[in-house]
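Asks: Got a structure for you, my_file02.cif, holding mmCIF, C-alpha atoms.
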```
data_final
#
loop_
_atom_site.label_atom_id
_atom_site.label_comp_id
_atom_site.auth_asym_id
_atom_site.auth_seq_id
_atom_site.Cartn_x
_atom_site.Cartn_y
_atom_site.Cartn_z
CA MET A 1 84.02 80.80 98.89
CA LYS A 2 81.61 77.91 98.69
CA ILE A 3 81.67 74.98 101.07
CA SER A 4 79.56 71.90 100.30
CA PRO A 5 79.43 68.83 102.55
CA ARG A 6 79.18 65.25 101.32
CA HIS A 7 78.90 62.15 103.45
CA LEU A 8 80.52 58.79 102.89
CA ASP A 9 79.88 56.28 105.67
CA LYS A 10 81.23 58.05 108.76
CA ILE A 11 83.33 60.47 106.75
CA THR A 12 82.36 64.04 105.95
CA ILE A 13 83.94 65.53 102.85
CA PHE A 14 83.82 69.30 102.41
CA ASP A 15 84.27 70.50 98.84
CA VAL A 16 85.62 74.02 99.14
CA SER A 17 85.96 76.46 96.25
CA GLY A 18 86.94 80.09 95.77
CA ASP A 19 89.04 82.21 98.11
CA ILE A 20 89.52 81.61 101.84
CA ASP A 21 90.24 85.01 103.37
CA LEU A 22 89.14 87.33 106.16
CA SER A 23 85.60 87.55 104.80
CA THR A 24 85.08 83.82 104.25
CA SER A 25 87.27 81.96 106.75
CA PRO A 26 84.74 82.29 109.63
CA GLU A 27 82.32 80.12 107.63
CA LEU A 28 84.97 77.43 107.16
CA ARG A 29 85.95 77.61 110.82
CA LYS A 30 82.33 77.25 111.90
CA ALA A 31 81.73 74.24 109.66
CA LEU A 32 84.87 72.47 110.88
CA LEU A 33 84.26 73.12 114.57
CA ARG A 34 80.65 71.94 114.29
CA GLU A 35 81.76 68.77 112.59
CA PHE A 36 84.30 67.90 115.27
CA ARG A 37 82.85 69.36 118.47
CA GLU A 38 79.11 68.82 117.96
CA LEU A 39 78.84 65.93 115.52
CA LYS A 40 82.04 64.16 116.64
CA THR A 41 82.60 63.01 113.05
CA PRO A 42 85.47 60.49 113.10
CA ARG A 43 87.03 61.72 109.86
CA VAL A 44 86.66 65.06 108.11
CA VAL A 45 88.19 65.52 104.69
CA LEU A 46 88.70 68.93 103.11
CA ASN A 47 88.84 69.02 99.32
CA LEU A 48 90.85 72.15 98.50
CA GLY A 49 91.18 71.39 94.79
CA ALA A 50 89.05 74.38 93.75
CA VAL A 51 90.47 76.88 96.26
CA ARG A 52 92.34 79.68 94.51
CA TYR A 53 93.70 81.52 97.53
CA ILE A 54 94.15 81.16 101.26
CA ASP A 55 95.38 83.80 103.71
CA SER A 56 96.52 83.64 107.32
CA SER A 57 92.95 83.71 108.64
CA GLY A 58 92.21 80.66 106.49
CA VAL A 59 95.32 78.90 107.79
CA ALA A 60 94.21 79.81 111.32
CA SER A 61 90.83 78.16 110.64
CA LEU A 62 92.58 75.00 109.48
CA VAL A 63 94.73 75.00 112.63
CA GLU A 64 91.63 75.42 114.78
CA GLY A 65 90.01 72.52 112.95
CA LEU A 66 93.10 70.40 113.51
CA LYS A 67 93.15 71.19 117.21
CA ALA A 68 89.45 70.39 117.53
CA SER A 69 89.98 67.08 115.72
CA ARG A 70 92.75 66.15 118.14
CA ASP A 71 90.58 67.09 121.12
CA VAL A 72 87.92 64.55 120.10
CA GLY A 73 90.24 61.95 118.60
CA SER A 74 89.09 62.45 115.00
CA ARG A 75 91.11 62.66 111.81
CA PHE A 76 91.32 65.86 109.77
CA ILE A 77 92.60 65.36 106.23
CA LEU A 78 93.38 67.80 103.42
CA PHE A 79 93.71 66.96 99.74
CA GLY A 80 93.89 68.68 96.37
CA LEU A 81 96.30 71.41 97.46
CA ASN A 82 97.47 73.56 94.57
CA LYS A 83 100.75 75.47 94.42
CA THR A 84 99.31 78.57 96.08
CA ILE A 85 97.92 76.69 99.07
CA ARG A 86 101.11 74.65 99.48
CA GLU A 87 103.24 77.81 99.38
CA VAL A 88 101.20 79.47 102.10
CA LEU A 89 101.24 76.39 104.35
CA GLN A 90 104.96 76.02 103.69
CA LEU A 91 105.51 79.67 104.58
CA SER A 92 103.67 79.13 107.84
CA LYS A 93 105.82 76.04 108.55
CA LEU A 94 102.56 74.17 109.12
CA LEU A 95 102.62 71.90 106.09
CA LYS A 96 103.95 68.98 108.11
CA ILE A 97 101.42 69.11 110.92
CA PHE A 98 98.48 68.35 108.63
CA GLU A 99 97.57 64.94 107.19
CA ILE A 100 97.69 65.68 103.47
CA TYR A 101 96.99 63.44 100.47
CA GLU A 102 96.92 63.99 96.76
CA THR A 103 93.53 62.42 96.01
CA GLU A 104 90.11 61.84 97.55
CA GLU A 105 90.56 58.11 97.14
CA GLN A 106 93.63 58.22 99.41
CA SER A 107 91.85 60.50 101.87
CA VAL A 108 88.89 58.21 102.43
CA ALA A 109 90.83 54.93 102.33
CA PRO A 110 90.31 52.70 105.41
CA MET B 111 109.77 105.87 82.96
CA SER B 112 110.74 108.28 85.73
CA ARG B 113 112.73 107.34 88.82
CA SER B 114 109.48 106.96 90.71
CA SER B 115 106.36 106.50 88.64
CA LEU B 116 102.94 106.14 90.12
CA LEU B 117 101.21 103.05 88.73
CA LEU B 118 98.00 103.03 90.71
CA ARG B 119 96.41 104.85 93.63
CA VAL B 120 93.17 103.67 95.21
CA GLU B 121 91.06 104.46 98.24
CA LEU B 122 89.00 101.57 99.48
CA ARG B 123 86.69 100.89 102.38
CA SER B 124 87.86 98.63 105.18
CA ASP B 125 85.41 95.98 104.03
CA PRO B 126 86.74 92.40 103.97
CA ALA B 127 84.67 91.79 100.84
CA MET B 128 86.95 94.24 99.00
CA LEU B 129 90.05 92.14 99.61
CA CYS B 130 89.45 89.87 96.63
CA VAL B 131 89.07 92.92 94.38
CA VAL B 132 92.45 94.26 95.50
CA ARG B 133 94.07 90.84 95.12
CA ASN B 134 92.85 90.47 91.55
CA ALA B 135 93.96 93.98 90.56
CA LEU B 136 97.32 93.68 92.27
CA GLY B 137 98.01 90.29 90.70
CA GLU B 138 97.55 91.88 87.27
CA LEU B 139 99.65 94.91 88.20
CA ALA B 140 102.53 92.81 89.53
CA ALA B 141 102.51 90.67 86.39
CA LYS B 142 102.59 93.81 84.21
CA CYS B 143 105.60 95.01 86.21
CA GLY B 144 107.44 91.86 85.22
CA PHE B 145 107.34 89.83 88.42
CA SER B 146 107.46 86.06 88.17
CA GLU B 147 104.30 84.12 89.01
CA ALA B 148 105.74 83.18 92.40
CA ASP B 149 106.66 86.80 93.17
CA CYS B 150 103.21 87.97 92.03
CA ARG B 151 101.69 85.55 94.56
CA ALA B 152 104.07 86.82 97.24
CA VAL B 153 103.18 90.49 96.63
CA VAL B 154 99.46 89.70 96.60
CA LEU B 155 99.74 87.72 99.85
CA ALA B 156 101.70 90.49 101.59
CA VAL B 157 99.27 93.25 100.64
CA ASP B 158 96.24 91.12 101.45
CA GLU B 159 97.66 90.35 104.90
CA ALA B 160 98.54 94.00 105.47
CA LEU B 161 95.00 95.10 104.58
CA THR B 162 93.62 92.36 106.82
CA ASN B 163 95.72 93.70 109.69
CA ILE B 164 94.43 97.23 109.09
CA ILE B 165 90.81 96.03 109.08
CA ARG B 166 91.23 93.87 112.18
CA HIS B 167 93.64 95.85 114.32
CA ALA B 168 93.60 99.50 113.22
CA TYR B 169 89.86 99.68 112.52
CA LEU B 170 88.78 96.87 114.85
CA GLY B 171 86.53 95.33 112.21
CA ASP B 172 84.72 98.55 111.22
CA SER B 173 84.01 97.98 107.52
CA ASP B 174 83.45 101.60 106.48
CA ARG B 175 86.78 103.30 107.17
CA PRO B 176 89.19 104.54 104.50
CA ILE B 177 92.37 102.82 103.41
CA GLU B 178 94.62 104.48 100.85
CA ALA B 179 96.94 102.40 98.75
CA SER B 180 99.52 103.61 96.26
CA PHE B 181 101.69 101.52 93.99
CA ARG B 182 104.84 102.93 92.42
CA ARG B 183 107.59 101.60 90.27
CA ILE B 184 110.84 102.81 91.78
CA HIS B 185 114.57 102.41 91.37
CA LEU B 186 116.66 101.69 94.43
CA PRO B 187 120.29 100.79 94.94
CA ARG B 188 120.88 97.18 95.86
CA ASP B 189 124.13 95.23 95.79
CA GLY B 190 125.84 98.18 94.12
CA GLN B 191 123.30 98.42 91.29
CA SER B 192 120.19 100.43 90.61
CA ARG B 193 117.34 97.95 90.71
CA ASP B 194 113.70 98.14 89.71
CA ALA B 195 111.20 97.57 92.48
CA LEU B 196 107.53 97.89 93.30
CA GLU B 197 106.81 100.18 96.25
CA ILE B 198 103.44 99.85 97.95
CA VAL B 199 102.29 102.31 100.60
CA LEU B 200 99.16 101.62 102.67
CA GLU B 201 97.69 104.31 104.93
CA ASP B 202 94.90 104.15 107.45
CA ARG B 203 93.42 106.53 110.01
CA GLY B 204 92.92 103.91 112.68
CA ALA B 205 94.40 103.33 116.09
CA ARG B 206 98.15 103.79 116.44
CA VAL B 207 100.03 100.59 115.75
CA ASN B 208 102.17 99.50 118.67
CA PRO B 209 105.47 98.30 117.18
CA LYS B 210 105.97 96.00 120.16
CA LYS B 211 102.83 94.13 119.16
CA LEU B 212 104.04 93.73 115.59
CA CYS B 213 106.28 90.81 116.35
CA GLY B 214 104.08 87.98 115.08
CA ARG B 215 104.50 84.69 116.89
CA ALA B 216 106.99 81.86 117.06
CA LEU B 217 106.15 79.44 114.26
CA GLU B 218 106.88 76.50 116.53
CA ASP B 219 103.82 77.54 118.51
CA VAL B 220 101.04 75.78 116.59
CA ARG B 221 98.01 77.92 117.14
CA PRO B 222 95.75 80.13 115.07
CA GLY B 223 96.66 83.78 114.56
CA GLY B 224 99.87 85.79 114.39
CA LEU B 225 100.83 84.55 110.94
CA GLY B 226 99.97 87.61 108.89
CA LEU B 227 103.02 89.68 109.76
CA HIS B 228 105.26 86.67 109.23
CA PHE B 229 103.80 86.25 105.73
CA ILE B 230 104.38 89.93 104.97
CA ARG B 231 107.99 89.85 106.11
CA GLU B 232 108.73 86.64 104.23
CA SER B 233 107.12 87.93 101.05
CA MET B 234 108.61 91.43 100.78
CA ASP B 235 112.14 92.86 100.76
CA THR B 236 111.29 95.92 102.87
CA VAL B 237 108.59 96.30 105.52
CA GLU B 238 108.45 99.65 107.33
CA PHE B 239 105.80 100.89 109.74
CA SER B 240 105.46 104.56 110.62
CA ARG B 241 102.95 107.01 112.06
CA ARG B 242 102.50 110.34 110.24
CA TRP B 243 99.89 113.06 110.61
CA GLY B 244 97.60 110.82 112.59
CA ARG B 245 97.87 107.98 110.10
CA ASN B 246 99.49 104.60 110.17
CA GLN B 247 101.68 104.06 107.14
CA LEU B 248 103.07 100.77 105.94
CA ARG B 249 105.68 100.81 103.19
CA LEU B 250 106.42 97.58 101.36
CA VAL B 251 109.06 97.11 98.68
CA LYS B 252 109.63 94.13 96.41
CA PHE B 253 112.60 94.09 94.05
CA LEU B 254 112.22 92.67 90.58
CA ALA B 255 114.43 89.66 90.04
CA VAL B 256 117.49 90.42 87.91
CA GLN B 257 117.00 89.10 84.39
CA ASP B 258 119.69 87.06 82.67
CA GLY B 259 121.41 88.59 79.67
CA PRO B 260 122.26 92.22 78.89
CA ARG B 261 120.99 94.73 81.44
CA LYS B 262 118.56 97.46 80.53
CA GLY B 263 120.36 100.52 79.21
CA THR B 264 123.59 98.78 78.31
#
```
Could you quickly redo this structure as structure tokens?

Replies:
Amino acid sequence: MKISPRHLDKITIFDVSGDIDLSTSPELRKALLREFRELKTPRVVLNLGAVRYIDSSGVASLVEGLKASRDVGSRFILFGLNKTIREVLQLSKLLKIFEIYETEEQSVAP
Amino acid sequence: MSRSSLLLRVELRSDPAMLCVVRNALGELAAKCGFSEADCRAVVLAVDEALTNIIRHAYLGDSDRPIEASFRRIHLPRDGQSRDALEIVLEDRGARVNPKKLCGRALEDVRPGGLGLHFIRESMDTVEFSRRWGRNQLRLVKFLAVQDGPRKGT
């Protein structure tokens, strides 16, 4: 998994690629928690367009990120979900708790 | 093909970095068995989660312990017919699994963790835990979807 941050005004966009699993999800979790808890970034956008696979530990990292965002009053947005990612989030019944858009343009819109 | 034919047997280390290797191989194997793309993803997810559970809970994160995995094509009765299925057996030599702890969590409870077993149960037709000769054994079965048209052998 690769995770690369970009910054757009007060928005941080993480471009994530590869597989999010037991070996890589701690890195994602760490990046998200730092962004919300330490940097208090008002909006964090996760580009999952190049993610091939996500497991329960990856979903857990997203849930932790969501909780951290709520704690500090920030927004946490996902976009670019492929069929695999949607299936896993659907299976976890967590699809509806996340703010999800199709495109980056929608995700960074005022 | 015999009633139970071994397709693949592997022994791997309990190293999280090996999970992607297993996923890639299993995806190919499931496709060769004739599973749909969606069922291939389901089988891969179930096995990946099961291996993750072994690494985290049976071996407590130790990355150098053995895990044995065998994959067989089997025939089992279902709905009054003999059906083709993929049987996957995972064995580890870690701590005994407490069945009472294998309940997952309520999905309404939005918090990290506890999803893996839910994914396994949703993805597979049979999920059986047992303890034999000092080993934890997990048996997973996924039936192949019945194809339209004439059945094999008719």

Asks: Which of these residues is nearest to Cys150 of chain B, using all atoms listed in the file: A:Thr84, A:Ile11, A:Leu94, A:Glu38?

Replies: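 Ranked by minimum distance to Cys150 of chain B, first place goes to A:Thr84.
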
Asks: The PyMOL selection byres ((chain A) within 10 of (chain B)) - which residues does that actually catch in the file I just gave you? List them as a tab-separated table (two decimals) with C-alpha atoms, keeping the file's coordinate frame.

Replies:
```tsv
chain	number	residue	atom	x	y	z
A	19	ASP	CA	89.04	82.21	98.11
A	20	ILE	CA	89.52	81.61	101.84
A	21	ASP	CA	90.24	85.01	103.37
A	22	LEU	CA	89.14	87.33	106.16
A	23	SER	CA	85.60	87.55	104.80
A	24	THR	CA	85.08	83.82	104.25
A	53	TYR	CA	93.70	81.52	97.53
A	54	ILE	CA	94.15	81.16	101.26
A	55	ASP	CA	95.38	83.80	103.71
A	56	SER	CA	96.52	83.64	107.32
A	57	SER	CA	92.95	83.71	108.64
A	58	GLY	CA	92.21	80.66	106.49
A	59	VAL	CA	95.32	78.90	107.79
A	60	ALA	CA	94.21	79.81	111.32
A	61	SER	CA	90.83	78.16	110.64
A	62	LEU	CA	92.58	75.00	109.48
A	63	VAL	CA	94.73	75.00	112.63
A	64	GLU	CA	91.63	75.42	114.78
A	65	GLY	CA	90.01	72.52	112.95
A	66	LEU	CA	93.10	70.40	113.51
A	67	LYS	CA	93.15	71.19	117.21
A	83	LYS	CA	100.75	75.47	94.42
A	84	THR	CA	99.31	78.57	96.08
A	87	GLU	CA	103.24	77.81	99.38
A	88	VAL	CA	101.20	79.47	102.10
A	91	LEU	CA	105.51	79.67	104.58
A	92	SER	CA	103.67	79.13	107.84
A	93	LYS	CA	105.82	76.04	108.55
A	94	LEU	CA	102.56	74.17	109.12
A	97	ILE	CA	101.42	69.11	110.92
```

Asks: If you apply the PyMOL selection byres ((chain B and resi 183-199) around 7) to this file, what residues do you get, as a tab-separated table (two decimals) with C-alpha atoms, keeping the file's coordinate frame?

Replies:
```
chain	number	residue	atom	x	y	z
B	113	ARG	CA	112.73	107.34	88.82
B	114	SER	CA	109.48	106.96	90.71
B	115	SER	CA	106.36	106.50	88.64
B	116	LEU	CA	102.94	106.14	90.12
B	117	LEU	CA	101.21	103.05	88.73
B	179	ALA	CA	96.94	102.40	98.75
B	180	SER	CA	99.52	103.61	96.26
B	181	PHE	CA	101.69	101.52	93.99
B	182	ARG	CA	104.84	102.93	92.42
B	200	LEU	CA	99.16	101.62	102.67
B	201	GLU	CA	97.69	104.31	104.93
B	247	GLN	CA	101.68	104.06	107.14
B	248	LEU	CA	103.07	100.77	105.94
B	249	ARG	CA	105.68	100.81	103.19
B	250	LEU	CA	106.42	97.58	101.36
B	251	VAL	CA	109.06	97.11	98.68
B	252	LYS	CA	109.63	94.13	96.41
B	253	PHE	CA	112.60	94.09	94.05
B	254	LEU	CA	112.22	92.67	90.58
```

Asks: On this structure, the PyMOL selection byres ((chain B and resi 177) around 10) would catch which residues? List them as a PyMOL selection string, sorted by chain and number.

Replies: chain B and resi 120-125+161+164-165+169+174-176+178-179+200-204+246

Asks: Would you work out the distance separating atom CA of Leu33 of chain A from atom CA of Asp71 of chain A, expressed in Å to one decimal?

Replies: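 Result for atom CA of Leu33 of chain A versus atom CA of Asp71 of chain A: 10.9 Å, one decimal.
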
Asks: Identify which of the residues A:Ala68, A:Leu89, A:Leu78, A:Ile3 lies closest to Arg37 of chain A, counting only C-alpha atoms when measuring atom-to-atom distances.

Replies: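 Answer, going by the shortest atom-to-atom distance: A:Ala68.
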
Asks: Counting only C-alpha atoms, which of A:Val51, A:Val72, A:Leu81, A:Leu46 gets nearest to Lys2 of chain A?

Replies: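 For Lys2 of chain A, the nearest of the candidates is A:Val51.
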
Asks: I want to know what sits within 12 Å of Gln106 of chain A, based on all atoms listed in the file, with residues of the same chain fewer than 3 positions away left out; could you give that as a PyMOL selection string?

Replies: chain A and resi 45+47+77-80+99-103+109-110

Asks: Using all atoms listed in the file, which of B:Arg119, B:Gly144, B:Leu139, B:Val157 sits nearest Arg231 of chain B?

Replies: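 Once distances to Arg231 of chain B are computed over all atoms listed in the file, the minimum belongs to B:Val157.
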
Asks: So the first atom is atom CA of Ile230 of chain B and the second is atom CA of Val207 of chain B; what is the distance between them in Å, to one decimal place?

Replies: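 Distance between the two atoms: 15.8 Å.
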
Asks: Atom CA of Ala168 of chain B to atom CA of Glu27 of chain A: how many Å, to one decimal?

Replies: 23.1 Å

Asks: So which residues touch Leu8 of chain A within 12 Å, counting only C-alpha atoms, skipping near sequence neighbours fewer than 6 positions away, as a list in words?

Replies: Phe14, Thr41, Pro42, Arg43, Val44, Val45, Glu104, Glu105, Ser107, Val108, Ala109 and Pro110 of chain A

Asks: Find the smallest box with edges along x, y and z containing every listed atom of segment 234-251 of chain B, then add 3 Å on each side and report centre and edge lengths in Å to one decimal, as JSON.

Replies:
```
{"center_x": 104.9, "center_y": 102.2, "center_z": 105.6, "size_x": 20.5, "size_y": 27.6, "size_z": 19.9}
```
